[in-house]
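Report on the structure given below.
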Amino acid sequence: MYVRAATIKDAEGIAHVHVDTWRTTYLNIMSPAYLATLTYDIRKELWQKHLSDKEKHIFVLENEQAEIVGFAACNQRPLEPHIGDLTSIYIIKEEQQKGYGRLLMKALFQTFNELGCEKVFVEVLVENDTRHLYEYFGAKIVEIDTMNLGTQELEFFIYKWDSVKNVLAQLA
């Protein structure tokens with residue numbers, strides 16, 4: 001497995017991982033009706049837009065067959081350039097719990113460092129157990145909030161890392 005910067009050609013592969021991971025990760029968290037509305041085509045369009053946006057930094061995790069099995073994305077806050085937002089890390093279920101999240105985290109935090117970010121935030125649904133990856137690397141809960149998704153109200157944590165350099169040292 002290896003991580004590389006994503007290109008526009010990766011939109012379809014990222015879309016497949018995005019839909020598939022949402023359907024497995026959020027199976028008992030989000031309503032089945034909402035999860036059924038997710039489509040590869042709609043997500044492909046979304047990722048084509050994201051991949052065309054120079055402010056977004058997107059990485060893919062590829063296996064030995066050059067298949068995308070995970071992705072991660074981040075950006076720098078436009079009005080707060082010393083702060084970064086980790087917007088997603090998703091890995092297909094069959095490849096989870098194998099240390100690949102660490103590879104994606106490293107790519108993101110190297111990017112944050114290059115951008116001059118000092119602090120990083122990420123939002124994670126309270127019921128999403130993969131949030132423990134962030135906790136393992138030192139993220140602390142700074143706020144709890146809610147969002148509406150379809151007809152559901154979901155609670156999420158806002159995590160913060162106070163030092164990009166400290167996380168990179170942990171990931172080394």
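In the structure tokens, chains take the letters A, B, ... in the order shown, each chain's residues start at 1, and ligands count up from 1 in the order shown.
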Any idea what's packed within 8 Å of region 43-59 of chain A, counting only C-alpha atoms, ignoring anything in its chain fewer than 6 positions away? Could you give it as a PDB file with N, CA, C and O atoms, in the first residue's frame?
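Contents of the output file around_28.pdb:
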ATOM      1  N   VAL A   3       0.604   5.810  -0.463  1.00  0.00           N
ATOM      2  CA  VAL A   3      -0.195   7.028  -0.516  1.00  0.00           C
ATOM      3  C   VAL A   3       0.425   7.954  -1.543  1.00  0.00           C
ATOM      4  O   VAL A   3       1.649   8.089  -1.620  1.00  0.00           O
ATOM      5  N   ARG A   4      -0.431   8.577  -2.329  1.00  0.00           N
ATOM      6  CA  ARG A   4       0.027   9.575  -3.293  1.00  0.00           C
ATOM      7  C   ARG A   4      -1.019  10.683  -3.402  1.00  0.00           C
ATOM      8  O   ARG A   4      -2.178  10.501  -3.003  1.00  0.00           O
ATOM      9  N   ALA A   5      -0.586  11.818  -3.930  1.00  0.00           N
ATOM     10  CA  ALA A   5      -1.521  12.920  -4.170  1.00  0.00           C
ATOM     11  C   ALA A   5      -2.529  12.477  -5.230  1.00  0.00           C
ATOM     12  O   ALA A   5      -2.166  11.838  -6.215  1.00  0.00           O
ATOM     13  N   ALA A   6      -3.779  12.820  -5.009  1.00  0.00           N
ATOM     14  CA  ALA A   6      -4.836  12.447  -5.946  1.00  0.00           C
ATOM     15  C   ALA A   6      -4.833  13.389  -7.147  1.00  0.00           C
ATOM     16  O   ALA A   6      -4.414  14.545  -7.055  1.00  0.00           O
ATOM     17  N   THR A   7      -5.320  12.862  -8.267  1.00  0.00           N
ATOM     18  CA  THR A   7      -5.503  13.665  -9.479  1.00  0.00           C
ATOM     19  C   THR A   7      -6.972  13.583  -9.887  1.00  0.00           C
ATOM     20  O   THR A   7      -7.727  12.752  -9.369  1.00  0.00           O
ATOM     21  N   ILE A   8      -7.359  14.393 -10.833  1.00  0.00           N
ATOM     22  CA  ILE A   8      -8.740  14.406 -11.310  1.00  0.00           C
ATOM     23  C   ILE A   8      -9.171  13.022 -11.803  1.00  0.00           C
ATOM     24  O   ILE A   8     -10.336  12.652 -11.697  1.00  0.00           O
ATOM     25  N   ALA A  11     -11.202  10.628  -9.346  1.00  0.00           N
ATOM     26  CA  ALA A  11     -12.535  10.970  -8.831  1.00  0.00           C
ATOM     27  C   ALA A  11     -13.448   9.748  -8.731  1.00  0.00           C
ATOM     28  O   ALA A  11     -14.140   9.569  -7.721  1.00  0.00           O
ATOM     29  N   GLU A  12     -13.437   8.905  -9.738  1.00  0.00           N
ATOM     30  CA  GLU A  12     -14.322   7.740  -9.710  1.00  0.00           C
ATOM     31  C   GLU A  12     -13.931   6.759  -8.609  1.00  0.00           C
ATOM     32  O   GLU A  12     -14.781   6.260  -7.871  1.00  0.00           O
ATOM     33  N   ILE A  14     -12.259   7.402  -5.856  1.00  0.00           N
ATOM     34  CA  ILE A  14     -12.550   8.017  -4.559  1.00  0.00           C
ATOM     35  C   ILE A  14     -14.048   7.939  -4.279  1.00  0.00           C
ATOM     36  O   ILE A  14     -14.464   7.636  -3.154  1.00  0.00           O
ATOM     37  N   ALA A  15     -14.862   8.179  -5.292  1.00  0.00           N
ATOM     38  CA  ALA A  15     -16.318   8.121  -5.125  1.00  0.00           C
ATOM     39  C   ALA A  15     -16.761   6.735  -4.666  1.00  0.00           C
ATOM     40  O   ALA A  15     -17.617   6.613  -3.777  1.00  0.00           O
ATOM     41  N   HIS A  16     -16.175   5.694  -5.233  1.00  0.00           N
ATOM     42  CA  HIS A  16     -16.534   4.332  -4.831  1.00  0.00           C
ATOM     43  C   HIS A  16     -16.164   4.082  -3.372  1.00  0.00           C
ATOM     44  O   HIS A  16     -16.963   3.513  -2.612  1.00  0.00           O
ATOM     45  N   HIS A  18     -15.786   6.364  -1.087  1.00  0.00           N
ATOM     46  CA  HIS A  18     -16.623   7.247  -0.273  1.00  0.00           C
ATOM     47  C   HIS A  18     -17.989   6.606   0.004  1.00  0.00           C
ATOM     48  O   HIS A  18     -18.408   6.490   1.154  1.00  0.00           O
ATOM     49  N   VAL A  19     -18.666   6.170  -1.043  1.00  0.00           N
ATOM     50  CA  VAL A  19     -19.995   5.564  -0.872  1.00  0.00           C
ATOM     51  C   VAL A  19     -19.898   4.262  -0.081  1.00  0.00           C
ATOM     52  O   VAL A  19     -20.661   4.034   0.865  1.00  0.00           O
ATOM     53  N   PHE A  71      -8.852   7.166   1.009  1.00  0.00           N
ATOM     54  CA  PHE A  71      -8.498   8.532   0.639  1.00  0.00           C
ATOM     55  C   PHE A  71      -8.548   9.413   1.877  1.00  0.00           C
ATOM     56  O   PHE A  71      -9.123   9.045   2.906  1.00  0.00           O
ATOM     57  N   ALA A  72      -7.932  10.567   1.753  1.00  0.00           N
ATOM     58  CA  ALA A  72      -7.938  11.554   2.829  1.00  0.00           C
ATOM     59  C   ALA A  72      -7.905  12.937   2.213  1.00  0.00           C
ATOM     60  O   ALA A  72      -7.359  13.122   1.118  1.00  0.00           O
ATOM     61  N   ALA A  73      -8.482  13.892   2.908  1.00  0.00           N
ATOM     62  CA  ALA A  73      -8.532  15.256   2.387  1.00  0.00           C
ATOM     63  C   ALA A  73      -8.381  16.267   3.521  1.00  0.00           C
ATOM     64  O   ALA A  73      -8.769  16.000   4.665  1.00  0.00           O
ATOM     65  N   CYS A  74      -7.820  17.418   3.152  1.00  0.00           N
ATOM     66  CA  CYS A  74      -7.655  18.488   4.120  1.00  0.00           C
ATOM     67  C   CYS A  74      -7.578  19.824   3.398  1.00  0.00           C
ATOM     68  O   CYS A  74      -7.436  19.881   2.174  1.00  0.00           O
ATOM     69  N   ASN A  75      -7.659  20.876   4.179  1.00  0.00           N
ATOM     70  CA  ASN A  75      -7.466  22.218   3.641  1.00  0.00           C
ATOM     71  C   ASN A  75      -7.030  23.150   4.755  1.00  0.00           C
ATOM     72  O   ASN A  75      -7.142  22.831   5.933  1.00  0.00           O
ATOM     73  N   GLN A  76      -6.526  24.275   4.334  1.00  0.00           N
ATOM     74  CA  GLN A  76      -6.134  25.341   5.244  1.00  0.00           C
ATOM     75  C   GLN A  76      -7.304  26.314   5.322  1.00  0.00           C
ATOM     76  O   GLN A  76      -7.963  26.572   4.299  1.00  0.00           O
ATOM     77  N   LEU A 104      -2.156   7.779   5.804  1.00  0.00           N
ATOM     78  CA  LEU A 104      -2.925   8.921   5.322  1.00  0.00           C
ATOM     79  C   LEU A 104      -2.772  10.117   6.257  1.00  0.00           C
ATOM     80  O   LEU A 104      -2.636  11.261   5.805  1.00  0.00           O
ATOM     81  N   ALA A 107       0.506  11.899   5.506  1.00  0.00           N
ATOM     82  CA  ALA A 107       0.437  12.749   4.309  1.00  0.00           C
ATOM     83  C   ALA A 107      -0.293  14.055   4.620  1.00  0.00           C
ATOM     84  O   ALA A 107       0.150  15.143   4.209  1.00  0.00           O
ATOM     85  N   LEU A 108      -1.380  13.979   5.362  1.00  0.00           N
ATOM     86  CA  LEU A 108      -2.140  15.180   5.700  1.00  0.00           C
ATOM     87  C   LEU A 108      -1.336  16.123   6.590  1.00  0.00           C
ATOM     88  O   LEU A 108      -1.276  17.329   6.343  1.00  0.00           O
ATOM     89  N   THR A 111       1.346  17.915   4.862  1.00  0.00           N
ATOM     90  CA  THR A 111       0.753  19.017   4.105  1.00  0.00           C
ATOM     91  C   THR A 111       0.448  20.196   5.016  1.00  0.00           C
ATOM     92  O   THR A 111       0.766  21.342   4.683  1.00  0.00           O
TER      93      THR A 111
END
Per DSSP on the backbone, filter region 3-110 of chain A down to the residues in helix (DSSP H, G or I) and report them as a PDB file with N, CA and C atoms, in the first residue's frame.
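Generated file (result.pdb):
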ATOM      1  N   ILE A   8      -7.359  14.393 -10.833  1.00  0.00           N
ATOM      2  CA  ILE A   8      -8.740  14.406 -11.310  1.00  0.00           C
ATOM      3  C   ILE A   8      -9.171  13.022 -11.803  1.00  0.00           C
ATOM      4  N   LYS A   9      -8.230  12.241 -12.303  1.00  0.00           N
ATOM      5  CA  LYS A   9      -8.544  10.898 -12.790  1.00  0.00           C
ATOM      6  C   LYS A   9      -8.975   9.956 -11.666  1.00  0.00           C
ATOM      7  N   ASP A  10      -8.707  10.336 -10.435  1.00  0.00           N
ATOM      8  CA  ASP A  10      -9.042   9.491  -9.281  1.00  0.00           C
ATOM      9  C   ASP A  10     -10.460   9.703  -8.765  1.00  0.00           C
ATOM     10  N   ALA A  11     -11.202  10.628  -9.346  1.00  0.00           N
ATOM     11  CA  ALA A  11     -12.535  10.970  -8.831  1.00  0.00           C
ATOM     12  C   ALA A  11     -13.448   9.748  -8.731  1.00  0.00           C
ATOM     13  N   GLU A  12     -13.437   8.905  -9.738  1.00  0.00           N
ATOM     14  CA  GLU A  12     -14.322   7.740  -9.710  1.00  0.00           C
ATOM     15  C   GLU A  12     -13.931   6.759  -8.609  1.00  0.00           C
ATOM     16  N   GLY A  13     -12.637   6.488  -8.472  1.00  0.00           N
ATOM     17  CA  GLY A  13     -12.179   5.576  -7.429  1.00  0.00           C
ATOM     18  C   GLY A  13     -12.459   6.107  -6.036  1.00  0.00           C
ATOM     19  N   ILE A  14     -12.259   7.402  -5.856  1.00  0.00           N
ATOM     20  CA  ILE A  14     -12.550   8.017  -4.559  1.00  0.00           C
ATOM     21  C   ILE A  14     -14.048   7.939  -4.279  1.00  0.00           C
ATOM     22  N   ALA A  15     -14.862   8.179  -5.292  1.00  0.00           N
ATOM     23  CA  ALA A  15     -16.318   8.121  -5.125  1.00  0.00           C
ATOM     24  C   ALA A  15     -16.761   6.735  -4.666  1.00  0.00           C
ATOM     25  N   HIS A  16     -16.175   5.694  -5.233  1.00  0.00           N
ATOM     26  CA  HIS A  16     -16.534   4.332  -4.831  1.00  0.00           C
ATOM     27  C   HIS A  16     -16.164   4.082  -3.372  1.00  0.00           C
ATOM     28  N   VAL A  17     -14.968   4.503  -2.978  1.00  0.00           N
ATOM     29  CA  VAL A  17     -14.556   4.330  -1.586  1.00  0.00           C
ATOM     30  C   VAL A  17     -15.468   5.148  -0.675  1.00  0.00           C
ATOM     31  N   HIS A  18     -15.786   6.364  -1.087  1.00  0.00           N
ATOM     32  CA  HIS A  18     -16.623   7.247  -0.273  1.00  0.00           C
ATOM     33  C   HIS A  18     -17.989   6.606   0.004  1.00  0.00           C
ATOM     34  N   VAL A  19     -18.666   6.170  -1.043  1.00  0.00           N
ATOM     35  CA  VAL A  19     -19.995   5.564  -0.872  1.00  0.00           C
ATOM     36  C   VAL A  19     -19.898   4.262  -0.081  1.00  0.00           C
ATOM     37  N   ASP A  20     -18.962   3.404  -0.459  1.00  0.00           N
ATOM     38  CA  ASP A  20     -18.844   2.100   0.211  1.00  0.00           C
ATOM     39  C   ASP A  20     -18.504   2.237   1.689  1.00  0.00           C
ATOM     40  N   THR A  21     -17.605   3.160   2.017  1.00  0.00           N
ATOM     41  CA  THR A  21     -17.236   3.318   3.431  1.00  0.00           C
ATOM     42  C   THR A  21     -18.361   3.951   4.231  1.00  0.00           C
ATOM     43  N   TRP A  22     -19.097   4.864   3.646  1.00  0.00           N
ATOM     44  CA  TRP A  22     -20.235   5.434   4.367  1.00  0.00           C
ATOM     45  C   TRP A  22     -21.252   4.342   4.665  1.00  0.00           C
ATOM     46  N   ARG A  23     -21.476   3.457   3.713  1.00  0.00           N
ATOM     47  CA  ARG A  23     -22.477   2.401   3.905  1.00  0.00           C
ATOM     48  C   ARG A  23     -22.057   1.399   4.974  1.00  0.00           C
ATOM     49  N   THR A  24     -20.756   1.202   5.167  1.00  0.00           N
ATOM     50  CA  THR A  24     -20.306   0.276   6.212  1.00  0.00           C
ATOM     51  C   THR A  24     -20.078   1.008   7.536  1.00  0.00           C
ATOM     52  N   THR A  25     -19.414   2.138   7.490  1.00  0.00           N
ATOM     53  CA  THR A  25     -19.088   2.881   8.711  1.00  0.00           C
ATOM     54  C   THR A  25     -20.330   3.401   9.416  1.00  0.00           C
ATOM     55  N   PRO A  32     -30.945   4.037   7.151  1.00  0.00           N
ATOM     56  CA  PRO A  32     -30.780   3.258   5.921  1.00  0.00           C
ATOM     57  C   PRO A  32     -31.328   3.996   4.696  1.00  0.00           C
ATOM     58  N   ALA A  33     -32.401   4.752   4.887  1.00  0.00           N
ATOM     59  CA  ALA A  33     -32.985   5.507   3.774  1.00  0.00           C
ATOM     60  C   ALA A  33     -31.983   6.538   3.244  1.00  0.00           C
ATOM     61  N   TYR A  34     -31.289   7.225   4.156  1.00  0.00           N
ATOM     62  CA  TYR A  34     -30.300   8.205   3.710  1.00  0.00           C
ATOM     63  C   TYR A  34     -29.130   7.506   3.004  1.00  0.00           C
ATOM     64  N   LEU A  35     -28.611   6.463   3.598  1.00  0.00           N
ATOM     65  CA  LEU A  35     -27.479   5.743   3.000  1.00  0.00           C
ATOM     66  C   LEU A  35     -27.837   5.196   1.621  1.00  0.00           C
ATOM     67  N   ALA A  36     -29.087   4.839   1.417  1.00  0.00           N
ATOM     68  CA  ALA A  36     -29.522   4.319   0.111  1.00  0.00           C
ATOM     69  C   ALA A  36     -29.516   5.399  -0.965  1.00  0.00           C
ATOM     70  N   TYR A  40     -22.604   6.551  -6.638  1.00  0.00           N
ATOM     71  CA  TYR A  40     -21.245   6.749  -7.135  1.00  0.00           C
ATOM     72  C   TYR A  40     -21.179   7.952  -8.066  1.00  0.00           C
ATOM     73  N   ASP A  41     -22.182   8.122  -8.919  1.00  0.00           N
ATOM     74  CA  ASP A  41     -22.154   9.227  -9.883  1.00  0.00           C
ATOM     75  C   ASP A  41     -22.175  10.589  -9.203  1.00  0.00           C
ATOM     76  N   ILE A  42     -23.037  10.735  -8.208  1.00  0.00           N
ATOM     77  CA  ILE A  42     -23.101  12.019  -7.502  1.00  0.00           C
ATOM     78  C   ILE A  42     -21.797  12.289  -6.758  1.00  0.00           C
ATOM     79  N   ARG A  43     -21.261  11.266  -6.106  1.00  0.00           N
ATOM     80  CA  ARG A  43     -19.990  11.445  -5.382  1.00  0.00           C
ATOM     81  C   ARG A  43     -18.835  11.698  -6.356  1.00  0.00           C
ATOM     82  N   LYS A  44     -18.879  11.095  -7.525  1.00  0.00           N
ATOM     83  CA  LYS A  44     -17.833  11.339  -8.525  1.00  0.00           C
ATOM     84  C   LYS A  44     -17.833  12.815  -8.921  1.00  0.00           C
ATOM     85  N   GLU A  45     -19.015  13.377  -9.148  1.00  0.00           N
ATOM     86  CA  GLU A  45     -19.111  14.805  -9.482  1.00  0.00           C
ATOM     87  C   GLU A  45     -18.557  15.666  -8.346  1.00  0.00           C
ATOM     88  N   LEU A  46     -18.919  15.305  -7.121  1.00  0.00           N
ATOM     89  CA  LEU A  46     -18.420  16.036  -5.955  1.00  0.00           C
ATOM     90  C   LEU A  46     -16.895  16.010  -5.911  1.00  0.00           C
ATOM     91  N   TRP A  47     -16.315  14.822  -6.125  1.00  0.00           N
ATOM     92  CA  TRP A  47     -14.858  14.705  -6.037  1.00  0.00           C
ATOM     93  C   TRP A  47     -14.158  15.346  -7.233  1.00  0.00           C
ATOM     94  N   GLN A  48     -14.790  15.401  -8.362  1.00  0.00           N
ATOM     95  CA  GLN A  48     -14.210  16.137  -9.490  1.00  0.00           C
ATOM     96  C   GLN A  48     -14.086  17.617  -9.132  1.00  0.00           C
ATOM     97  N   LYS A  49     -15.111  18.155  -8.463  1.00  0.00           N
ATOM     98  CA  LYS A  49     -15.056  19.551  -8.014  1.00  0.00           C
ATOM     99  C   LYS A  49     -13.949  19.733  -6.980  1.00  0.00           C
ATOM    100  N   HIS A  50     -13.904  18.844  -5.988  1.00  0.00           N
ATOM    101  CA  HIS A  50     -12.881  18.961  -4.945  1.00  0.00           C
ATOM    102  C   HIS A  50     -11.474  18.853  -5.530  1.00  0.00           C
ATOM    103  N   LEU A  51     -11.289  17.924  -6.458  1.00  0.00           N
ATOM    104  CA  LEU A  51      -9.959  17.720  -7.043  1.00  0.00           C
ATOM    105  C   LEU A  51      -9.536  18.880  -7.940  1.00  0.00           C
ATOM    106  N   SER A  52     -10.487  19.666  -8.387  1.00  0.00           N
ATOM    107  CA  SER A  52     -10.186  20.844  -9.206  1.00  0.00           C
ATOM    108  C   SER A  52      -9.910  22.076  -8.351  1.00  0.00           C
ATOM    109  N   LYS A  93     -13.588  -1.139   4.324  1.00  0.00           N
ATOM    110  CA  LYS A  93     -13.665  -1.972   5.531  1.00  0.00           C
ATOM    111  C   LYS A  93     -12.608  -3.073   5.559  1.00  0.00           C
ATOM    112  N   GLU A  94     -12.370  -3.730   4.417  1.00  0.00           N
ATOM    113  CA  GLU A  94     -11.432  -4.860   4.364  1.00  0.00           C
ATOM    114  C   GLU A  94      -9.987  -4.452   4.657  1.00  0.00           C
ATOM    115  N   GLU A  95      -9.680  -3.169   4.533  1.00  0.00           N
ATOM    116  CA  GLU A  95      -8.310  -2.700   4.751  1.00  0.00           C
ATOM    117  C   GLU A  95      -8.154  -1.877   6.030  1.00  0.00           C
ATOM    118  N   TYR A 100      -3.086   1.660   7.903  1.00  0.00           N
ATOM    119  CA  TYR A 100      -3.109   2.528   6.725  1.00  0.00           C
ATOM    120  C   TYR A 100      -3.628   3.923   7.041  1.00  0.00           C
ATOM    121  N   GLY A 101      -4.446   4.035   8.078  1.00  0.00           N
ATOM    122  CA  GLY A 101      -4.894   5.354   8.509  1.00  0.00           C
ATOM    123  C   GLY A 101      -3.703   6.217   8.905  1.00  0.00           C
ATOM    124  N   ARG A 102      -2.718   5.593   9.498  1.00  0.00           N
ATOM    125  CA  ARG A 102      -1.492   6.300   9.885  1.00  0.00           C
ATOM    126  C   ARG A 102      -0.786   6.872   8.656  1.00  0.00           C
ATOM    127  N   LEU A 103      -0.742   6.104   7.561  1.00  0.00           N
ATOM    128  CA  LEU A 103      -0.108   6.593   6.328  1.00  0.00           C
ATOM    129  C   LEU A 103      -0.828   7.830   5.787  1.00  0.00           C
ATOM    130  N   LEU A 104      -2.156   7.779   5.804  1.00  0.00           N
ATOM    131  CA  LEU A 104      -2.925   8.921   5.322  1.00  0.00           C
ATOM    132  C   LEU A 104      -2.772  10.117   6.257  1.00  0.00           C
ATOM    133  N   MET A 105      -2.775   9.870   7.561  1.00  0.00           N
ATOM    134  CA  MET A 105      -2.564  10.946   8.532  1.00  0.00           C
ATOM    135  C   MET A 105      -1.218  11.629   8.287  1.00  0.00           C
ATOM    136  N   LYS A 106      -0.195  10.834   8.028  1.00  0.00           N
ATOM    137  CA  LYS A 106       1.133  11.397   7.805  1.00  0.00           C
ATOM    138  C   LYS A 106       1.136  12.320   6.593  1.00  0.00           C
ATOM    139  N   ALA A 107       0.506  11.899   5.506  1.00  0.00           N
ATOM    140  CA  ALA A 107       0.437  12.749   4.309  1.00  0.00           C
ATOM    141  C   ALA A 107      -0.293  14.055   4.620  1.00  0.00           C
ATOM    142  N   LEU A 108      -1.380  13.979   5.362  1.00  0.00           N
ATOM    143  CA  LEU A 108      -2.140  15.180   5.700  1.00  0.00           C
ATOM    144  C   LEU A 108      -1.336  16.123   6.590  1.00  0.00           C
ATOM    145  N   PHE A 109      -0.698  15.572   7.614  1.00  0.00           N
ATOM    146  CA  PHE A 109       0.034  16.438   8.542  1.00  0.00           C
ATOM    147  C   PHE A 109       1.316  16.993   7.926  1.00  0.00           C
ATOM    148  N   GLN A 110       1.916  16.284   6.992  1.00  0.00           N
ATOM    149  CA  GLN A 110       3.033  16.865   6.239  1.00  0.00           C
ATOM    150  C   GLN A 110       2.540  18.059   5.430  1.00  0.00           C
TER     151      GLN A 110
END
>> Would you pick out the contacts of Ile144 (chain A) at 10 Å or less, using only C-alpha atoms, so that residues sharing its chain but fewer than 4 positions from it are not included, and give the list as a list in words?
In response: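 Using only C-alpha atoms, the neighbours found are Glu123, Val124, Leu125, Val126, Glu155, Phe156, Phe157, Ile158 and Tyr159 of chain A.
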Keeping all heavy atoms, export the residues of the selection given above as a PDB file, in the first residue's frame.
ATOM      1  N   GLU A 123     -13.971  17.131  12.499  1.00  0.00           N
ATOM      2  CA  GLU A 123     -15.289  16.828  13.049  1.00  0.00           C
ATOM      3  C   GLU A 123     -15.592  15.359  12.795  1.00  0.00           C
ATOM      4  O   GLU A 123     -15.393  14.869  11.688  1.00  0.00           O
ATOM      5  CB  GLU A 123     -16.358  17.694  12.383  1.00  0.00           C
ATOM      6  CG  GLU A 123     -16.162  19.171  12.644  1.00  0.00           C
ATOM      7  CD  GLU A 123     -17.149  20.052  11.905  1.00  0.00           C
ATOM      8  OE1 GLU A 123     -17.987  19.521  11.133  1.00  0.00           O
ATOM      9  OE2 GLU A 123     -17.084  21.272  12.090  1.00  0.00           O
ATOM     10  N   VAL A 124     -16.076  14.673  13.837  1.00  0.00           N
ATOM     11  CA  VAL A 124     -16.346  13.234  13.740  1.00  0.00           C
ATOM     12  C   VAL A 124     -17.638  12.917  14.484  1.00  0.00           C
ATOM     13  O   VAL A 124     -17.826  13.368  15.618  1.00  0.00           O
ATOM     14  CB  VAL A 124     -15.197  12.408  14.371  1.00  0.00           C
ATOM     15  CG1 VAL A 124     -15.416  10.928  14.155  1.00  0.00           C
ATOM     16  CG2 VAL A 124     -13.849  12.839  13.835  1.00  0.00           C
ATOM     17  N   LEU A 125     -18.491  12.136  13.845  1.00  0.00           N
ATOM     18  CA  LEU A 125     -19.720  11.723  14.528  1.00  0.00           C
ATOM     19  C   LEU A 125     -19.369  10.988  15.824  1.00  0.00           C
ATOM     20  O   LEU A 125     -18.440  10.171  15.855  1.00  0.00           O
ATOM     21  CB  LEU A 125     -20.559  10.811  13.628  1.00  0.00           C
ATOM     22  CG  LEU A 125     -21.186  11.482  12.421  1.00  0.00           C
ATOM     23  CD1 LEU A 125     -21.914  10.450  11.565  1.00  0.00           C
ATOM     24  CD2 LEU A 125     -22.133  12.607  12.828  1.00  0.00           C
ATOM     25  N   VAL A 126     -20.102  11.283  16.872  1.00  0.00           N
ATOM     26  CA  VAL A 126     -19.858  10.693  18.186  1.00  0.00           C
ATOM     27  C   VAL A 126     -19.860   9.165  18.112  1.00  0.00           C
ATOM     28  O   VAL A 126     -19.048   8.498  18.743  1.00  0.00           O
ATOM     29  CB  VAL A 126     -20.900  11.201  19.207  1.00  0.00           C
ATOM     30  CG1 VAL A 126     -20.833  10.421  20.507  1.00  0.00           C
ATOM     31  CG2 VAL A 126     -20.708  12.695  19.456  1.00  0.00           C
ATOM     32  N   GLU A 155     -25.089  13.844  16.441  1.00  0.00           N
ATOM     33  CA  GLU A 155     -24.151  14.544  17.307  1.00  0.00           C
ATOM     34  C   GLU A 155     -22.720  14.254  16.838  1.00  0.00           C
ATOM     35  O   GLU A 155     -22.400  13.127  16.458  1.00  0.00           O
ATOM     36  CB  GLU A 155     -24.356  14.047  18.742  1.00  0.00           C
ATOM     37  CG  GLU A 155     -23.718  14.910  19.792  1.00  0.00           C
ATOM     38  CD  GLU A 155     -24.145  14.494  21.195  1.00  0.00           C
ATOM     39  OE1 GLU A 155     -24.076  13.286  21.504  1.00  0.00           O
ATOM     40  OE2 GLU A 155     -24.534  15.377  21.966  1.00  0.00           O
ATOM     41  N   PHE A 156     -21.883  15.288  16.859  1.00  0.00           N
ATOM     42  CA  PHE A 156     -20.483  15.087  16.473  1.00  0.00           C
ATOM     43  C   PHE A 156     -19.552  15.827  17.413  1.00  0.00           C
ATOM     44  O   PHE A 156     -19.930  16.793  18.059  1.00  0.00           O
ATOM     45  CB  PHE A 156     -20.242  15.494  15.009  1.00  0.00           C
ATOM     46  CG  PHE A 156     -20.444  16.964  14.713  1.00  0.00           C
ATOM     47  CD1 PHE A 156     -19.386  17.855  14.763  1.00  0.00           C
ATOM     48  CD2 PHE A 156     -21.698  17.450  14.345  1.00  0.00           C
ATOM     49  CE1 PHE A 156     -19.571  19.202  14.469  1.00  0.00           C
ATOM     50  CE2 PHE A 156     -21.894  18.786  14.051  1.00  0.00           C
ATOM     51  CZ  PHE A 156     -20.830  19.663  14.114  1.00  0.00           C
ATOM     52  N   PHE A 157     -18.339  15.280  17.498  1.00  0.00           N
ATOM     53  CA  PHE A 157     -17.262  15.909  18.258  1.00  0.00           C
ATOM     54  C   PHE A 157     -16.440  16.779  17.323  1.00  0.00           C
ATOM     55  O   PHE A 157     -16.215  16.409  16.168  1.00  0.00           O
ATOM     56  CB  PHE A 157     -16.307  14.869  18.855  1.00  0.00           C
ATOM     57  CG  PHE A 157     -16.881  14.013  19.942  1.00  0.00           C
ATOM     58  CD1 PHE A 157     -16.686  12.645  19.923  1.00  0.00           C
ATOM     59  CD2 PHE A 157     -17.580  14.563  21.004  1.00  0.00           C
ATOM     60  CE1 PHE A 157     -17.180  11.833  20.935  1.00  0.00           C
ATOM     61  CE2 PHE A 157     -18.092  13.762  22.016  1.00  0.00           C
ATOM     62  CZ  PHE A 157     -17.885  12.393  21.979  1.00  0.00           C
ATOM     63  N   ILE A 158     -15.973  17.886  17.844  1.00  0.00           N
ATOM     64  CA  ILE A 158     -14.952  18.669  17.155  1.00  0.00           C
ATOM     65  C   ILE A 158     -13.674  18.446  17.949  1.00  0.00           C
ATOM     66  O   ILE A 158     -13.602  18.732  19.147  1.00  0.00           O
ATOM     67  CB  ILE A 158     -15.300  20.162  17.097  1.00  0.00           C
ATOM     68  CG1 ILE A 158     -16.621  20.354  16.342  1.00  0.00           C
ATOM     69  CG2 ILE A 158     -14.153  20.944  16.436  1.00  0.00           C
ATOM     70  CD1 ILE A 158     -17.157  21.767  16.360  1.00  0.00           C
ATOM     71  N   TYR A 159     -12.698  17.870  17.264  1.00  0.00           N
ATOM     72  CA  TYR A 159     -11.387  17.586  17.864  1.00  0.00           C
ATOM     73  C   TYR A 159     -10.389  18.644  17.412  1.00  0.00           C
ATOM     74  O   TYR A 159     -10.515  19.204  16.323  1.00  0.00           O
ATOM     75  CB  TYR A 159     -10.856  16.242  17.389  1.00  0.00           C
ATOM     76  CG  TYR A 159     -11.486  15.025  18.005  1.00  0.00           C
ATOM     77  CD1 TYR A 159     -12.575  14.410  17.413  1.00  0.00           C
ATOM     78  CD2 TYR A 159     -10.962  14.466  19.166  1.00  0.00           C
ATOM     79  CE1 TYR A 159     -13.138  13.262  17.952  1.00  0.00           C
ATOM     80  CE2 TYR A 159     -11.518  13.319  19.713  1.00  0.00           C
ATOM     81  CZ  TYR A 159     -12.605  12.724  19.105  1.00  0.00           C
ATOM     82  OH  TYR A 159     -13.152  11.590  19.642  1.00  0.00           O
TER      83      TYR A 159
END
> Mind checking DSSP for chain A and telling me the strand (DSSP E or B) residues as a PyMOL selection string?
Replying inline: chain A and resi 2-5+56-62+68-76+83-91+119-125+140-149+152-161
>> So, with only C-alpha atoms as the atoms that count, which of A:Ile141, A:Asn166, A:Asp85, A:Tyr2 lies closest to Asn63 (chain A)?
In response: A:Tyr2
>> Just checking: using only C-alpha atoms, which residue out of A:Leu61, A:Leu27, A:Leu171, A:Val164 ends up closest to Glu114 (chain A)?
In response: A:Val164
>> Between CA of Phe137 (chain A) and CA of Val167 (chain A), what distance in Å does the model show, to one decimal?
In response: 6.4 Å
>> Using only C-alpha atoms for the distances, tell me which of A:Asn113, A:Asn28, A:Thr39, A:Thr130 is nearest to Ile89 (chain A).
In response: A:Thr130
>> So the first atom is CA of Val122 (chain A) and the second is CA of Leu86 (chain A); what is the distance between them in Å, to one decimal place?
In response: 5.1 Å
